[in-house]
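Engineer: One structure, as structure tokens, below. Some questions next.
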There are 2 protein chains.
Amino acid sequence: MLKYQHIANEIEKYIEEHELQQGYKLPSLETFMGQYQVSKSTITKSLDLLEKKGVIFQVRGSGIFVRRHKRKGYISLLSNQGFKKDLEDFQITSEIIELDVRKPAQEAALNLNIKQDDDIYYVKRIRFIHGQTLCLEESYYNKSIVTYLNKEIVSESIFHYITEGLGLKIGFSDVFLHVDKLNEEEATYLGLKKGDPKLYMESVFHLTNGQPFDFSKVTYNYEQSQFFIQANSYFL
Amino acid sequence: MLKYQHIANEIEKYIEEHELQQGYKLPSLETFMGQYQVSKSTITKSLDLLEKKGVIFQVRGSGIFVRRHKRKGYISLLSNQGFKKDLEDFQITSEIIELDVRKPAQEAALNLNIKQDDDIYYVKRIRFIHGQTLCLEESYYNKSIVTYLNKEIVSESIFHYITEGLGLKIGFSDVFLHVDKLNEEEATYLGLKKGDPKLYMESVFHLTNGQPFDFSKVTYNYEQSQFFIQANSYFL
């Protein structure tokens, strides 16, 4: 971890531990420079990272303020860490329905930008929050990137394994979502009724070099899931 | 508009007009510098802006690539421009149900960080896409910031008016969403059945100085709405 990232983490931890509220005015840039004994450009990078993450906002000529407006138990639609991180105070478990190496159908091949005779890992799991069904998840991993998976890995956070175990760098993701009614199979897995509402989400995760490595289709139990997004205005 | 923003717009327009696909390699930073006759720091700012907007991704030592992976007709959950912009190829119209100045209930007062005896503009509209109901929207505007609204403004894009007409600078927003079943009133307005699925979204929009000015509650017609998010990995 680079110095500016480490400092950003420290500042974020401070805000969380002291439960500082939105609008709380933080020390000036100069004070932070002195406190961490770093250059202006380092602390500027730390603060820009915190702004991107939605932890603070900076007002020119006025100061640096706490933004954090997270509601507990909400899943971030922007974090690429997998939601186990958002729900770390909750007990998340998984039941594996299928795990195998196979050839992708056209949809997965297109989204992963591979050929239909390339290999993928296919994972189908139900995830639970405090013993209640949270979602049904089907994931397709490009096996030439995610070279190995087993039951033990798949029953925990796959993203943690991908970054820590395989050392891959996750870059960006495209997420598409809509609301629909549960079909029979989904309803059975989630313990709901056919025709009940669902949030359906398709995601394509890319490495920092732009290669897609994971195409996922997730159907959420509407009774157990809620989501948040912190958006910045980069648009004119 | 600043020079670097103008160049970013030019590059984005070029990508769109030529329908360049994800992974297409763009010219080098040096080539862009020559083409636009600007300094390295200016073009770097342009490219960083495009990266934040999800238009490109940059790979150290390898180049600059097209990211754009938008699907037509999807509403961005990250843009703060109001969705009229995302759906500009579609015909969006509004029917005003209520528009008045009133005192906020506790929920709106809390979200707008004002007192219950302060004034707000309350707007309730149905929005249509090609004549089909898209969503039912209730918005609460802090009247000391959004000082004037009328029927004509409210039947068009309020966000366009706020930025262009009132000259306000929109900074960031917090969005909370979940899926549920439509109640009787919502179903009637949207032309659906009670118990049908809905996406329900609460947003708080802030100015660049951090002041919340708009608290909105939107219920989407699940048959007409789909959403996308382009997420970057600022997380470690």
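Ordered as shown in the structure tokens, chains take letters A, B, and onward, while each chain numbers its residues from 1 and ligands are numbered from 1 in the order shown.
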If we count only C-alpha atoms, which residues of chain A reach to within 6 Å of chain B? Please list them as number ranges by chain.
Structural biologist: A: 59, 78, 80, 171-179, 197, 209, 222, 226-233
Engineer: From the DSSP assignment of the backbone, select every residue of region 11-133 of chain A that is helix (DSSP H, G or I), and format the answer as a PyMOL selection string.
Structural biologist: chain A and resi 11-17+29-36+40-52+106-112
Engineer: Mind checking which residues fall within 9 Å of Tyr122 (chain A), counting only C-alpha atoms, ignoring those fewer than 5 positions away in the same chain, and posting them as a PyMOL selection string?
Structural biologist: chain A and resi 98-102+104+138-141
Engineer: Would you pick out the contacts of region 154-159 of chain B at 6 Å or less, using only C-alpha atoms, so that residues sharing its chain but fewer than 3 positions from it are not included, and give the list as a ChimeraX atom specification?
Structural biologist: /B:94,151,162
Engineer: Would you put the residues from that selection into a file with all heavy atoms, as a tab-separated table (two decimals), in the first residue's frame?
Structural biologist:
```tsv
chain	number	residue	atom	x	y	z
B	94	SER	N	-43.87	14.81	-18.68
B	94	SER	CA	-44.27	14.78	-17.27
B	94	SER	C	-45.70	15.24	-17.11
B	94	SER	O	-46.15	16.13	-17.83
B	94	SER	CB	-43.37	15.72	-16.45
B	94	SER	OG	-42.03	15.30	-16.51
B	151	LYS	N	-45.20	25.71	-13.03
B	151	LYS	CA	-45.66	24.53	-13.77
B	151	LYS	C	-44.86	24.26	-15.03
B	151	LYS	O	-44.59	23.11	-15.37
B	151	LYS	CB	-47.14	24.71	-14.15
B	151	LYS	CG	-48.07	24.45	-12.99
B	151	LYS	CD	-49.46	24.08	-13.45
B	151	LYS	CE	-50.29	23.66	-12.25
B	151	LYS	NZ	-51.65	23.28	-12.59
B	162	ILE	N	-32.29	24.15	-12.65
B	162	ILE	CA	-31.50	24.45	-11.45
B	162	ILE	C	-30.07	24.86	-11.81
B	162	ILE	O	-29.53	25.81	-11.26
B	162	ILE	CB	-31.50	23.22	-10.49
B	162	ILE	CG1	-32.86	23.13	-9.80
B	162	ILE	CG2	-30.37	23.30	-9.47
B	162	ILE	CD1	-33.04	21.88	-8.95
```
Engineer: Using CA of Leu192 (chain A) and CA of Glu137 (chain A) as the two end points, give the distance in Å to one decimal.
Structural biologist: 15.6 Å
Engineer: Check the DSSP output for the backbone and give back, as a ChimeraX atom specification, the residues of region 11-227 of chain B in strand (DSSP E or B).
Structural biologist: /B:25-26,56-59,63-66,75-76,92-102,120-129,132-142,170-181,197-207,212-221,227
Engineer: As an MDAnalysis selection string, please: the residues near Tyr189 (chain B) (cut-off 9 Å, only C-alpha atoms, same-chain neighbours under 4 positions excluded).
Structural biologist: chainID B and resid 126 133 135:136 184:185
